[in-house]
Amino acid sequence: PYEQRRAQLEELSLGGPAWRVPAVVRDKGSALLEATGAQGLEGIVAKRLDSRYEPGRRGGAWLKIKHTLRQELVIGGWSPGEGRRTERIGALLMGYYEGQAFRYAGRVGTGFTDKVLDQLAERLAPLRRATSPFAVAPKLPRESVFVEPHTVAEIEFREWTGDRVMRAPSYKGLRE
């Protein structure tokens with residue numbers, strides 16, 4: 001069990017300049033998660049004390065709990081899908097208003113079911129436009145399809161980059 005493996009690791013006094021055996025915190029997971037967020041860390045791993053080691057995989061007894069942000073952003077278009085999603089939306093092109101300027105916030109290509117992709121295509125089709133609605137954006141793929149920026153979606157992501165683009169975004173749903 002993890003509790004026994006942990007005791008053996010602590011006896012070895014392992015540590016290096018780029019790694020260490022982390023401290024054990026019991027019954028204070030919420031406080032630890034809050035502290036790691038304040039330090040800008042990714043999150044925590046919660047482990048059942050009676051869990052068995054499973055070489056090469058993280059079983060259901062270990063949970064990775066990441067810090068995430070949620071933001072309502074505006075859909076400015078999409079890029080076509082590839083592979084299994086050919087002929088469908090591949091990723092939504094998201095943006096937000098900064099004063100009067102519509103600024104690019106990144107692409108969201110995960111978090112969709114097939115049904116959601118069909119619903120988005122139907123909803124966005126009448127909003128198509130010939131030019132990009134983004135006043136501030138990087139060079140977008142030539143195949144991008146643009147829409148009037150009226151449809152709001154909730155997006156979960158890890159953080160904002162220095163370029164003010166979402167890192168690791170995931171679609172959570174539309175907002176009215």
# chains A, B, ... in the order shown; residues from 1 in each chain; ligands from 1

$ closest_atom_pairs --of "region 90-119 of chain A" --to "region 67-80 of chain A" --cutoff "10 Å" --atoms "only C-alpha atoms" --output "Markdown table"
| residue | atom | partner | partner_atom | distance |
| --- | --- | --- | --- | --- |
| A:Gly90 | CA | A:Pro80 | CA | 4.7 |
| A:Ala91 | CA | A:Ser79 | CA | 5.3 |
| A:Leu92 | CA | A:Trp78 | CA | 4.3 |
| A:Leu93 | CA | A:Gly77 | CA | 5.0 |
| A:Met94 | CA | A:Ile75 | CA | 4.7 |
| A:Gly95 | CA | A:Val74 | CA | 5.2 |
| A:Tyr96 | CA | A:Leu73 | CA | 5.6 |
| A:Tyr97 | CA | A:Val74 | CA | 8.4 |
| A:Phe102 | CA | A:Gly76 | CA | 8.8 |
| A:Arg103 | CA | A:Gly76 | CA | 9.5 |
| A:Tyr104 | CA | A:Gly76 | CA | 8.2 |
| A:Ala105 | CA | A:Leu73 | CA | 8.1 |
| A:Arg107 | CA | A:Trp78 | CA | 8.1 |
| A:Val108 | CA | A:Trp78 | CA | 9.0 |
| A:Gly109 | CA | A:Ser79 | CA | 9.1 |

$ write_last_selection --atoms "N, CA, C and O atoms" --output "short mmCIF file (atom, residue, chain, number, x, y, z; two decimals), in the first residue's frame"
data_model
loop_
_atom_site.label_atom_id
_atom_site.label_comp_id
_atom_site.auth_asym_id
_atom_site.auth_seq_id
_atom_site.Cartn_x
_atom_site.Cartn_y
_atom_site.Cartn_z
N GLY A 90 -13.36 22.00 -36.01
CA GLY A 90 -12.19 21.41 -35.36
C GLY A 90 -11.89 22.12 -34.05
O GLY A 90 -11.65 21.49 -33.03
N ALA A 91 -11.90 23.45 -34.10
CA ALA A 91 -11.64 24.25 -32.91
C ALA A 91 -12.36 25.58 -33.04
O ALA A 91 -12.44 26.16 -34.14
N LEU A 92 -12.89 26.06 -31.94
CA LEU A 92 -13.52 27.38 -31.92
C LEU A 92 -12.44 28.45 -31.74
O LEU A 92 -11.48 28.25 -30.98
N LEU A 93 -12.60 29.57 -32.42
CA LEU A 93 -11.70 30.72 -32.27
C LEU A 93 -12.39 31.68 -31.30
O LEU A 93 -13.45 32.21 -31.60
N MET A 94 -11.78 31.86 -30.14
CA MET A 94 -12.42 32.60 -29.06
C MET A 94 -11.82 33.99 -28.91
O MET A 94 -10.65 34.21 -29.22
N GLY A 95 -12.65 34.90 -28.39
CA GLY A 95 -12.18 36.26 -28.17
C GLY A 95 -12.90 36.93 -27.02
O GLY A 95 -13.82 36.37 -26.43
N TYR A 96 -12.44 38.13 -26.72
CA TYR A 96 -13.07 38.95 -25.67
C TYR A 96 -12.91 40.41 -26.08
O TYR A 96 -12.05 40.76 -26.89
N TYR A 97 -13.77 41.23 -25.52
CA TYR A 97 -13.72 42.65 -25.83
C TYR A 97 -12.80 43.37 -24.85
O TYR A 97 -12.87 43.17 -23.64
N PHE A 102 -12.18 43.72 -30.36
CA PHE A 102 -12.40 42.31 -30.12
C PHE A 102 -11.06 41.60 -30.24
O PHE A 102 -10.47 41.54 -31.31
N ARG A 103 -10.55 41.08 -29.13
CA ARG A 103 -9.21 40.52 -29.05
C ARG A 103 -9.25 38.99 -29.05
O ARG A 103 -10.06 38.38 -28.36
N TYR A 104 -8.35 38.38 -29.80
CA TYR A 104 -8.24 36.92 -29.89
C TYR A 104 -7.76 36.34 -28.56
O TYR A 104 -6.83 36.84 -27.95
N ALA A 105 -8.42 35.23 -28.10
CA ALA A 105 -8.07 34.60 -26.83
C ALA A 105 -7.57 33.17 -27.00
O ALA A 105 -7.23 32.52 -26.02
N ARG A 107 -7.63 29.16 -29.38
CA ARG A 107 -8.48 28.14 -29.99
C ARG A 107 -8.86 27.10 -28.95
O ARG A 107 -8.05 26.71 -28.13
N VAL A 108 -10.10 26.63 -29.03
CA VAL A 108 -10.59 25.59 -28.13
C VAL A 108 -11.01 24.42 -28.99
O VAL A 108 -11.96 24.52 -29.77
N GLY A 109 -10.30 23.29 -28.86
CA GLY A 109 -10.58 22.13 -29.70
C GLY A 109 -10.97 20.89 -28.95
O GLY A 109 -11.00 19.80 -29.52
#

$ residues_around --residues "Val116 (chain A)" --least-positions-apart "2" --cutoff "12 Å" --atoms "only C-alpha atoms" --output "list in words"
Arg88, Ile89, Thr110, Gly111, Phe112, Thr113, Asp114, Asp118, Gln119, Leu120, Ala121, Glu122, Arg123, Leu124, Tyr171, Lys172, Gly173 and Leu174 of chain A

$ atom_distance --atom1 "CA of Ser144 (chain A)" --atom2 "CA of Ser132 (chain A)"
8.7 Å

$ closest_residue --among "A:Glu87, A:Glu42, A:Asp163, A:Asp27" --to "Ala137 (chain A)" --atoms "only C-alpha atoms"
A:Asp163

$ select_by_dssp --residues "region 59-127 of chain A" --states "strand (DSSP E or B)" --output "PyMOL selection string"
chain A and resi 62-66+69-80+89-98+101-108

$ residues_around --residues "Gly60 (chain A)" --least-positions-apart "4" --cutoff "12 Å" --atoms "only C-alpha atoms" --output "PyMOL selection string"
chain A and resi 45-48+51-54+64

$ write_last_selection --atoms "all heavy atoms" --output "short mmCIF file (atom, residue, chain, number, x, y, z; two decimals), in the first residue's frame"
data_model
loop_
_atom_site.label_atom_id
_atom_site.label_comp_id
_atom_site.auth_asym_id
_atom_site.auth_seq_id
_atom_site.Cartn_x
_atom_site.Cartn_y
_atom_site.Cartn_z
N VAL A 45 -1.78 16.03 -6.24
CA VAL A 45 -2.18 14.66 -6.49
C VAL A 45 -2.64 14.07 -5.17
O VAL A 45 -1.89 14.07 -4.19
CB VAL A 45 -1.01 13.82 -7.08
CG1 VAL A 45 -1.44 12.37 -7.26
CG2 VAL A 45 -0.55 14.40 -8.41
N ALA A 46 -3.88 13.62 -5.12
CA ALA A 46 -4.44 13.01 -3.92
C ALA A 46 -4.36 11.50 -4.11
O ALA A 46 -4.74 10.97 -5.15
CB ALA A 46 -5.89 13.45 -3.73
N LYS A 47 -3.84 10.82 -3.08
CA LYS A 47 -3.64 9.37 -3.17
C LYS A 47 -4.31 8.68 -1.99
O LYS A 47 -4.17 9.12 -0.85
CB LYS A 47 -2.15 9.04 -3.16
CG LYS A 47 -1.38 9.69 -4.29
CD LYS A 47 0.10 9.40 -4.18
CE LYS A 47 0.86 10.11 -5.28
NZ LYS A 47 2.29 9.81 -5.23
N ARG A 48 -4.99 7.60 -2.26
CA ARG A 48 -5.55 6.78 -1.19
C ARG A 48 -4.40 6.07 -0.49
O ARG A 48 -3.53 5.49 -1.13
CB ARG A 48 -6.52 5.75 -1.74
CG ARG A 48 -7.84 6.37 -2.19
CD ARG A 48 -8.76 5.31 -2.70
NE ARG A 48 -8.74 4.16 -1.77
CZ ARG A 48 -9.81 3.46 -1.45
NH1 ARG A 48 -10.97 3.76 -1.97
NH2 ARG A 48 -9.71 2.44 -0.64
N SER A 51 -3.79 2.43 -1.43
CA SER A 51 -3.66 2.11 -2.85
C SER A 51 -2.40 1.30 -3.14
O SER A 51 -1.35 1.52 -2.55
CB SER A 51 -3.67 3.39 -3.68
OG SER A 51 -2.51 4.16 -3.43
N ARG A 52 -2.52 0.38 -4.06
CA ARG A 52 -1.40 -0.45 -4.51
C ARG A 52 -0.70 0.24 -5.66
O ARG A 52 -1.31 0.96 -6.44
CB ARG A 52 -1.90 -1.82 -4.97
CG ARG A 52 -2.52 -2.62 -3.86
CD ARG A 52 -1.45 -3.41 -3.18
NE ARG A 52 -1.99 -4.10 -2.02
CZ ARG A 52 -1.25 -4.40 -0.98
NH1 ARG A 52 0.01 -4.08 -0.95
NH2 ARG A 52 -1.77 -5.03 0.03
N TYR A 53 0.58 -0.01 -5.80
CA TYR A 53 1.36 0.53 -6.91
C TYR A 53 1.01 -0.23 -8.18
O TYR A 53 0.97 -1.46 -8.19
CB TYR A 53 2.86 0.41 -6.61
CG TYR A 53 3.72 0.95 -7.72
CD1 TYR A 53 3.73 2.31 -8.02
CD2 TYR A 53 4.51 0.10 -8.48
CE1 TYR A 53 4.51 2.81 -9.04
CE2 TYR A 53 5.30 0.59 -9.50
CZ TYR A 53 5.30 1.94 -9.79
OH TYR A 53 6.07 2.44 -10.80
N GLU A 54 0.74 0.49 -9.24
CA GLU A 54 0.44 -0.12 -10.53
C GLU A 54 1.45 0.39 -11.54
O GLU A 54 1.31 1.52 -12.03
CB GLU A 54 -0.99 0.24 -10.97
CG GLU A 54 -2.06 -0.25 -10.00
CD GLU A 54 -3.46 0.13 -10.45
OE1 GLU A 54 -3.80 -0.15 -11.62
OE2 GLU A 54 -4.19 0.72 -9.64
N LYS A 64 -5.47 13.53 -9.87
CA LYS A 64 -4.74 14.78 -10.14
C LYS A 64 -5.77 15.90 -10.12
O LYS A 64 -6.71 15.90 -10.91
CB LYS A 64 -4.04 14.70 -11.48
CG LYS A 64 -3.09 15.83 -11.74
CD LYS A 64 -2.28 15.57 -12.98
CE LYS A 64 -1.21 16.61 -13.15
NZ LYS A 64 -0.40 16.37 -14.34
#

$ atom_distance --atom1 "CA of Val21 (chain A)" --atom2 "CA of Ala38 (chain A)"
20.7 Å

$ closest_residue --among "A:Val145, A:Leu41, A:Leu49, A:Leu63" --to "Arg128 (chain A)" --atoms "only C-alpha atoms"
A:Val145

$ atom_distance --atom1 "CA of Glu98 (chain A)" --atom2 "CA of Gly81 (chain A)"
28.8 Å

$ select_by_dssp --residues "region 5-155 of chain A" --states "helix (DSSP H, G or I)" --output "mmCIF file with all heavy atoms, in the first residue's frame"
data_model
loop_
_atom_site.group_PDB
_atom_site.id
_atom_site.type_symbol
_atom_site.label_atom_id
_atom_site.label_comp_id
_atom_site.auth_asym_id
_atom_site.auth_seq_id
_atom_site.Cartn_x
_atom_site.Cartn_y
_atom_site.Cartn_z
ATOM 1 N N ARG A 5 4.860 2.186 1.218
ATOM 2 C CA ARG A 5 5.872 2.654 0.246
ATOM 3 C C ARG A 5 6.382 4.022 0.660
ATOM 4 O O ARG A 5 7.562 4.327 0.571
ATOM 5 C CB ARG A 5 5.269 2.716 -1.160
ATOM 6 C CG ARG A 5 4.924 1.374 -1.736
ATOM 7 C CD ARG A 5 4.601 1.418 -3.241
ATOM 8 N NE ARG A 5 3.796 2.539 -3.666
ATOM 9 C CZ ARG A 5 2.462 2.570 -3.630
ATOM 10 N NH1 ARG A 5 1.785 1.556 -3.161
ATOM 11 N NH2 ARG A 5 1.815 3.622 -4.073
ATOM 12 N N ARG A 6 5.474 4.856 1.100
ATOM 13 C CA ARG A 6 5.814 6.216 1.530
ATOM 14 C C ARG A 6 6.790 6.198 2.704
ATOM 15 O O ARG A 6 7.764 6.948 2.722
ATOM 16 C CB ARG A 6 4.514 6.937 1.899
ATOM 17 C CG ARG A 6 4.663 8.321 2.361
ATOM 18 C CD ARG A 6 5.063 9.145 1.191
ATOM 19 N NE ARG A 6 5.631 10.356 1.692
ATOM 20 C CZ ARG A 6 5.721 11.454 1.010
ATOM 21 N NH1 ARG A 6 5.258 11.500 -0.213
ATOM 22 N NH2 ARG A 6 6.277 12.514 1.503
ATOM 23 N N ALA A 7 6.542 5.360 3.678
ATOM 24 C CA ALA A 7 7.433 5.253 4.840
ATOM 25 C C ALA A 7 8.832 4.829 4.401
ATOM 26 O O ALA A 7 9.841 5.363 4.891
ATOM 27 C CB ALA A 7 6.856 4.267 5.856
ATOM 28 N N GLN A 8 8.928 3.906 3.451
ATOM 29 C CA GLN A 8 10.228 3.471 2.945
ATOM 30 C C GLN A 8 10.944 4.599 2.203
ATOM 31 O O GLN A 8 12.154 4.785 2.345
ATOM 32 C CB GLN A 8 10.066 2.243 2.050
ATOM 33 C CG GLN A 8 9.631 1.015 2.812
ATOM 34 C CD GLN A 8 9.314 -0.162 1.902
ATOM 35 O OE1 GLN A 8 9.199 -0.013 0.687
ATOM 36 N NE2 GLN A 8 9.158 -1.335 2.493
ATOM 37 N N LEU A 9 10.218 5.371 1.410
ATOM 38 C CA LEU A 9 10.813 6.512 0.700
ATOM 39 C C LEU A 9 11.377 7.533 1.682
ATOM 40 O O LEU A 9 12.486 8.051 1.489
ATOM 41 C CB LEU A 9 9.767 7.201 -0.190
ATOM 42 C CG LEU A 9 9.496 6.586 -1.545
ATOM 43 C CD1 LEU A 9 8.315 7.286 -2.211
ATOM 44 C CD2 LEU A 9 10.718 6.650 -2.434
ATOM 45 N N GLU A 10 10.642 7.829 2.719
ATOM 46 C CA GLU A 10 11.099 8.822 3.701
ATOM 47 C C GLU A 10 12.368 8.377 4.406
ATOM 48 O O GLU A 10 13.229 9.196 4.715
ATOM 49 C CB GLU A 10 9.972 9.127 4.693
ATOM 50 C CG GLU A 10 8.861 9.931 4.053
ATOM 51 C CD GLU A 10 7.633 10.119 4.943
ATOM 52 O OE1 GLU A 10 7.586 9.521 6.040
ATOM 53 O OE2 GLU A 10 6.732 10.861 4.517
ATOM 54 N N GLU A 11 12.539 7.068 4.630
ATOM 55 C CA GLU A 11 13.746 6.546 5.262
ATOM 56 C C GLU A 11 14.976 6.742 4.381
ATOM 57 O O GLU A 11 16.096 6.826 4.885
ATOM 58 C CB GLU A 11 13.575 5.063 5.588
ATOM 59 C CG GLU A 11 12.628 4.790 6.737
ATOM 60 C CD GLU A 11 12.409 3.298 6.975
ATOM 61 O OE1 GLU A 11 13.168 2.473 6.404
ATOM 62 O OE2 GLU A 11 11.486 2.962 7.728
ATOM 63 N N LEU A 12 14.802 6.824 3.079
ATOM 64 C CA LEU A 12 15.922 6.975 2.149
ATOM 65 C C LEU A 12 16.453 8.407 2.071
ATOM 66 O O LEU A 12 17.522 8.635 1.521
ATOM 67 C CB LEU A 12 15.509 6.505 0.748
ATOM 68 C CG LEU A 12 15.178 5.017 0.622
ATOM 69 C CD1 LEU A 12 14.641 4.715 -0.771
ATOM 70 C CD2 LEU A 12 16.395 4.161 0.932
ATOM 71 N N GLY A 29 -6.710 18.731 2.377
ATOM 72 C CA GLY A 29 -6.570 18.845 0.930
ATOM 73 C C GLY A 29 -7.002 20.189 0.377
ATOM 74 O O GLY A 29 -6.337 20.754 -0.494
ATOM 75 N N SER A 30 -8.093 20.735 0.872
ATOM 76 C CA SER A 30 -8.586 22.027 0.373
ATOM 77 C C SER A 30 -7.590 23.136 0.667
ATOM 78 O O SER A 30 -7.317 23.986 -0.190
ATOM 79 C CB SER A 30 -9.938 22.368 1.000
ATOM 80 O OG SER A 30 -10.901 21.442 0.591
ATOM 81 N N ALA A 31 -7.011 23.125 1.873
ATOM 82 C CA ALA A 31 -6.027 24.149 2.240
ATOM 83 C C ALA A 31 -4.766 23.995 1.401
ATOM 84 O O ALA A 31 -4.167 24.990 0.970
ATOM 85 C CB ALA A 31 -5.697 24.060 3.727
ATOM 86 N N LEU A 32 -4.352 22.750 1.146
ATOM 87 C CA LEU A 32 -3.166 22.516 0.321
ATOM 88 C C LEU A 32 -3.406 22.978 -1.116
ATOM 89 O O LEU A 32 -2.545 23.614 -1.725
ATOM 90 C CB LEU A 32 -2.783 21.037 0.351
ATOM 91 C CG LEU A 32 -1.551 20.663 -0.464
ATOM 92 C CD1 LEU A 32 -0.316 21.406 0.042
ATOM 93 C CD2 LEU A 32 -1.327 19.166 -0.426
ATOM 94 N N LEU A 33 -4.576 22.682 -1.650
ATOM 95 C CA LEU A 33 -4.893 23.116 -3.008
ATOM 96 C C LEU A 33 -4.861 24.638 -3.104
ATOM 97 O O LEU A 33 -4.323 25.206 -4.055
ATOM 98 C CB LEU A 33 -6.256 22.575 -3.439
ATOM 99 C CG LEU A 33 -6.651 22.841 -4.886
ATOM 100 C CD1 LEU A 33 -5.687 22.178 -5.854
ATOM 101 C CD2 LEU A 33 -8.068 22.351 -5.141
ATOM 102 N N GLU A 34 -5.410 25.304 -2.112
ATOM 103 C CA GLU A 34 -5.389 26.768 -2.088
ATOM 104 C C GLU A 34 -3.954 27.295 -2.024
ATOM 105 O O GLU A 34 -3.597 28.237 -2.725
ATOM 106 C CB GLU A 34 -6.185 27.270 -0.885
ATOM 107 C CG GLU A 34 -6.363 28.770 -0.858
ATOM 108 C CD GLU A 34 -7.230 29.222 0.306
ATOM 109 O OE1 GLU A 34 -8.202 28.522 0.651
ATOM 110 O OE2 GLU A 34 -6.932 30.298 0.855
ATOM 111 N N ALA A 35 -3.111 26.669 -1.218
ATOM 112 C CA ALA A 35 -1.711 27.099 -1.084
ATOM 113 C C ALA A 35 -0.942 26.891 -2.387
ATOM 114 O O ALA A 35 -0.146 27.746 -2.786
ATOM 115 C CB ALA A 35 -1.033 26.353 0.058
ATOM 116 N N THR A 36 -1.190 25.776 -3.078
ATOM 117 C CA THR A 36 -0.480 25.552 -4.336
ATOM 118 C C THR A 36 -0.934 26.554 -5.399
ATOM 119 O O THR A 36 -0.144 26.972 -6.233
ATOM 120 C CB THR A 36 -0.666 24.106 -4.851
ATOM 121 O OG1 THR A 36 -2.052 23.848 -5.074
ATOM 122 C CG2 THR A 36 -0.071 23.104 -3.886
ATOM 123 N N GLY A 37 -2.199 26.940 -5.347
ATOM 124 C CA GLY A 37 -2.685 27.966 -6.281
ATOM 125 C C GLY A 37 -2.009 29.297 -6.031
ATOM 126 O O GLY A 37 -1.623 30.001 -6.968
ATOM 127 N N ALA A 38 -1.836 29.661 -4.758
ATOM 128 C CA ALA A 38 -1.178 30.919 -4.411
ATOM 129 C C ALA A 38 0.280 30.929 -4.866
ATOM 130 O O ALA A 38 0.843 31.991 -5.142
ATOM 131 C CB ALA A 38 -1.264 31.165 -2.907
ATOM 132 N N GLY A 83 -8.962 14.679 -39.657
ATOM 133 C CA GLY A 83 -9.123 13.288 -39.238
ATOM 134 C C GLY A 83 -10.575 12.932 -39.015
ATOM 135 O O GLY A 83 -11.419 13.119 -39.891
ATOM 136 N N ARG A 84 -10.894 12.480 -37.823
ATOM 137 C CA ARG A 84 -12.253 12.076 -37.471
ATOM 138 C C ARG A 84 -13.237 13.238 -37.555
ATOM 139 O O ARG A 84 -14.429 13.040 -37.730
ATOM 140 C CB ARG A 84 -12.214 11.493 -36.056
ATOM 141 C CG ARG A 84 -13.518 11.083 -35.487
ATOM 142 C CD ARG A 84 -13.368 10.471 -34.107
ATOM 143 N NE ARG A 84 -13.520 11.385 -33.005
ATOM 144 C CZ ARG A 84 -14.665 11.966 -32.659
ATOM 145 N NH1 ARG A 84 -15.744 11.779 -33.365
ATOM 146 N NH2 ARG A 84 -14.733 12.763 -31.612
ATOM 147 N N ARG A 85 -12.729 14.464 -37.432
ATOM 148 C CA ARG A 85 -13.624 15.636 -37.441
ATOM 149 C C ARG A 85 -13.589 16.393 -38.768
ATOM 150 O O ARG A 85 -14.006 17.535 -38.831
ATOM 151 C CB ARG A 85 -13.286 16.553 -36.276
ATOM 152 C CG ARG A 85 -13.584 15.877 -34.968
ATOM 153 C CD ARG A 85 -14.084 16.674 -33.816
ATOM 154 N NE ARG A 85 -13.702 18.014 -33.578
ATOM 155 C CZ ARG A 85 -13.273 18.471 -32.405
ATOM 156 N NH1 ARG A 85 -13.117 17.649 -31.377
ATOM 157 N NH2 ARG A 85 -12.999 19.730 -32.239
ATOM 158 N N ASP A 114 -20.139 14.831 -30.277
ATOM 159 C CA ASP A 114 -20.610 14.966 -31.656
ATOM 160 C C ASP A 114 -21.897 15.783 -31.708
ATOM 161 O O ASP A 114 -22.086 16.613 -32.596
ATOM 162 C CB ASP A 114 -20.830 13.594 -32.291
ATOM 163 C CG ASP A 114 -19.517 12.877 -32.599
ATOM 164 O OD1 ASP A 114 -18.475 13.554 -32.704
ATOM 165 O OD2 ASP A 114 -19.545 11.640 -32.743
ATOM 166 N N LYS A 115 -22.781 15.566 -30.751
ATOM 167 C CA LYS A 115 -24.041 16.305 -30.701
ATOM 168 C C LYS A 115 -23.785 17.802 -30.518
ATOM 169 O O LYS A 115 -24.403 18.632 -31.189
ATOM 170 C CB LYS A 115 -24.915 15.767 -29.560
ATOM 171 C CG LYS A 115 -26.249 16.451 -29.438
ATOM 172 C CD LYS A 115 -27.081 15.847 -28.313
ATOM 173 C CE LYS A 115 -28.404 16.578 -28.175
ATOM 174 N NZ LYS A 115 -29.214 16.033 -27.080
ATOM 175 N N VAL A 116 -22.860 18.146 -29.625
ATOM 176 C CA VAL A 116 -22.535 19.562 -29.397
ATOM 177 C C VAL A 116 -21.945 20.178 -30.660
ATOM 178 O O VAL A 116 -22.283 21.313 -31.020
ATOM 179 C CB VAL A 116 -21.585 19.714 -28.185
ATOM 180 C CG1 VAL A 116 -20.966 21.105 -28.135
ATOM 181 C CG2 VAL A 116 -22.323 19.420 -26.896
ATOM 182 N N LEU A 117 -21.079 19.459 -31.361
ATOM 183 C CA LEU A 117 -20.506 19.983 -32.607
ATOM 184 C C LEU A 117 -21.592 20.267 -33.636
ATOM 185 O O LEU A 117 -21.554 21.282 -34.331
ATOM 186 C CB LEU A 117 -19.467 19.009 -33.172
ATOM 187 C CG LEU A 117 -18.153 18.943 -32.406
ATOM 188 C CD1 LEU A 117 -17.295 17.790 -32.912
ATOM 189 C CD2 LEU A 117 -17.392 20.256 -32.516
ATOM 190 N N ASP A 118 -22.576 19.375 -33.741
ATOM 191 C CA ASP A 118 -23.701 19.588 -34.668
ATOM 192 C C ASP A 118 -24.502 20.825 -34.263
ATOM 193 O O ASP A 118 -24.869 21.645 -35.110
ATOM 194 C CB ASP A 118 -24.621 18.362 -34.696
ATOM 195 C CG ASP A 118 -23.971 17.151 -35.353
ATOM 196 O OD1 ASP A 118 -22.974 17.324 -36.084
ATOM 197 O OD2 ASP A 118 -24.462 16.033 -35.105
ATOM 198 N N GLN A 119 -24.763 20.967 -32.965
ATOM 199 C CA GLN A 119 -25.524 22.123 -32.476
ATOM 200 C C GLN A 119 -24.763 23.423 -32.719
ATOM 201 O O GLN A 119 -25.365 24.429 -33.114
ATOM 202 C CB GLN A 119 -25.839 21.956 -30.989
ATOM 203 C CG GLN A 119 -26.839 20.861 -30.699
ATOM 204 C CD GLN A 119 -26.949 20.538 -29.212
ATOM 205 O OE1 GLN A 119 -26.067 20.839 -28.416
ATOM 206 N NE2 GLN A 119 -28.054 19.897 -28.847
ATOM 207 N N LEU A 120 -23.472 23.419 -32.485
ATOM 208 C CA LEU A 120 -22.669 24.623 -32.728
ATOM 209 C C LEU A 120 -22.671 24.993 -34.212
ATOM 210 O O LEU A 120 -22.823 26.171 -34.558
ATOM 211 C CB LEU A 120 -21.226 24.408 -32.249
ATOM 212 C CG LEU A 120 -20.998 24.489 -30.750
ATOM 213 C CD1 LEU A 120 -19.611 23.960 -30.386
ATOM 214 C CD2 LEU A 120 -21.160 25.926 -30.260
ATOM 215 N N ALA A 121 -22.493 24.011 -35.074
ATOM 216 C CA ALA A 121 -22.494 24.277 -36.520
ATOM 217 C C ALA A 121 -23.812 24.901 -36.954
ATOM 218 O O ALA A 121 -23.832 25.878 -37.719
ATOM 219 C CB ALA A 121 -22.223 22.990 -37.293
ATOM 220 N N GLU A 122 -24.912 24.376 -36.443
ATOM 221 C CA GLU A 122 -26.237 24.903 -36.786
ATOM 222 C C GLU A 122 -26.410 26.326 -36.257
ATOM 223 O O GLU A 122 -26.943 27.198 -36.950
ATOM 224 C CB GLU A 122 -27.314 23.986 -36.206
ATOM 225 C CG GLU A 122 -28.719 24.379 -36.599
ATOM 226 C CD GLU A 122 -29.746 23.401 -36.046
ATOM 227 O OE1 GLU A 122 -29.467 22.190 -35.978
ATOM 228 O OE2 GLU A 122 -30.846 23.865 -35.681
ATOM 229 N N ARG A 123 -25.972 26.561 -35.064
ATOM 230 C CA ARG A 123 -26.145 27.883 -34.441
ATOM 231 C C ARG A 123 -25.249 28.946 -35.082
ATOM 232 O O ARG A 123 -25.638 30.109 -35.208
ATOM 233 C CB ARG A 123 -25.858 27.784 -32.956
ATOM 234 C CG ARG A 123 -26.021 29.097 -32.234
ATOM 235 C CD ARG A 123 -26.495 28.885 -30.866
ATOM 236 N NE ARG A 123 -26.677 30.146 -30.189
ATOM 237 C CZ ARG A 123 -26.985 30.249 -28.931
ATOM 238 N NH1 ARG A 123 -27.163 29.169 -28.210
ATOM 239 N NH2 ARG A 123 -27.126 31.415 -28.372
ATOM 240 N N LEU A 124 -24.037 28.555 -35.468
ATOM 241 C CA LEU A 124 -23.076 29.524 -36.002
ATOM 242 C C LEU A 124 -23.242 29.776 -37.507
ATOM 243 O O LEU A 124 -22.825 30.829 -37.994
ATOM 244 C CB LEU A 124 -21.641 29.075 -35.700
ATOM 245 C CG LEU A 124 -21.278 29.006 -34.215
ATOM 246 C CD1 LEU A 124 -19.883 28.417 -34.038
ATOM 247 C CD2 LEU A 124 -21.378 30.377 -33.561
ATOM 248 N N ALA A 125 -23.836 28.847 -38.244
ATOM 249 C CA ALA A 125 -23.971 28.976 -39.704
ATOM 250 C C ALA A 125 -24.588 30.307 -40.140
ATOM 251 O O ALA A 125 -24.049 30.966 -41.035
ATOM 252 C CB ALA A 125 -24.749 27.795 -40.274
ATOM 253 N N PRO A 126 -25.698 30.770 -39.540
ATOM 254 C CA PRO A 126 -26.276 32.036 -40.011
ATOM 255 C C PRO A 126 -25.462 33.271 -39.613
ATOM 256 O O PRO A 126 -25.741 34.366 -40.081
ATOM 257 C CB PRO A 126 -27.656 32.073 -39.357
ATOM 258 C CG PRO A 126 -27.653 31.060 -38.277
ATOM 259 C CD PRO A 126 -26.550 30.094 -38.569
ATOM 260 N N LEU A 127 -24.455 33.100 -38.779
ATOM 261 C CA LEU A 127 -23.639 34.242 -38.326
ATOM 262 C C LEU A 127 -22.357 34.407 -39.136
ATOM 263 O O LEU A 127 -21.549 35.298 -38.845
ATOM 264 C CB LEU A 127 -23.274 34.064 -36.837
ATOM 265 C CG LEU A 127 -24.438 33.962 -35.859
ATOM 266 C CD1 LEU A 127 -23.918 33.675 -34.448
ATOM 267 C CD2 LEU A 127 -25.260 35.235 -35.879
#

$ residues_around --residues "Arg175 (chain A)" --least-positions-apart "4" --cutoff "7 Å" --atoms "only C-alpha atoms" --output "JSON, numbers by chain"
{"A": [152, 153, 154]}

$ write_last_selection --atoms "C-alpha atoms" --output "PDB file, in the first residue's frame"
ATOM      1  CA  VAL A 152     -20.865  33.343 -25.700  1.00  0.00           C
ATOM      2  CA  ALA A 153     -19.319  30.100 -24.441  1.00  0.00           C
ATOM      3  CA  GLU A 154     -17.863  29.111 -21.098  1.00  0.00           C
TER       4      GLU A 154
END

$ closest_residue --among "A:Pro22, A:Arg57, A:Glu156, A:Gly99" --to "Ala135 (chain A)" --atoms "only C-alpha atoms"
A:Gly99

$ closest_residue --among "A:Glu148, A:Asp50, A:Glu159, A:Glu3" --to "Phe134 (chain A)" --atoms "only C-alpha atoms"
A:Glu148

$ closest_residue --among "A:Arg164, A:Tyr2, A:Phe157, A:Ala101" --to "Pro133 (chain A)" --atoms "only C-alpha atoms"
A:Ala101
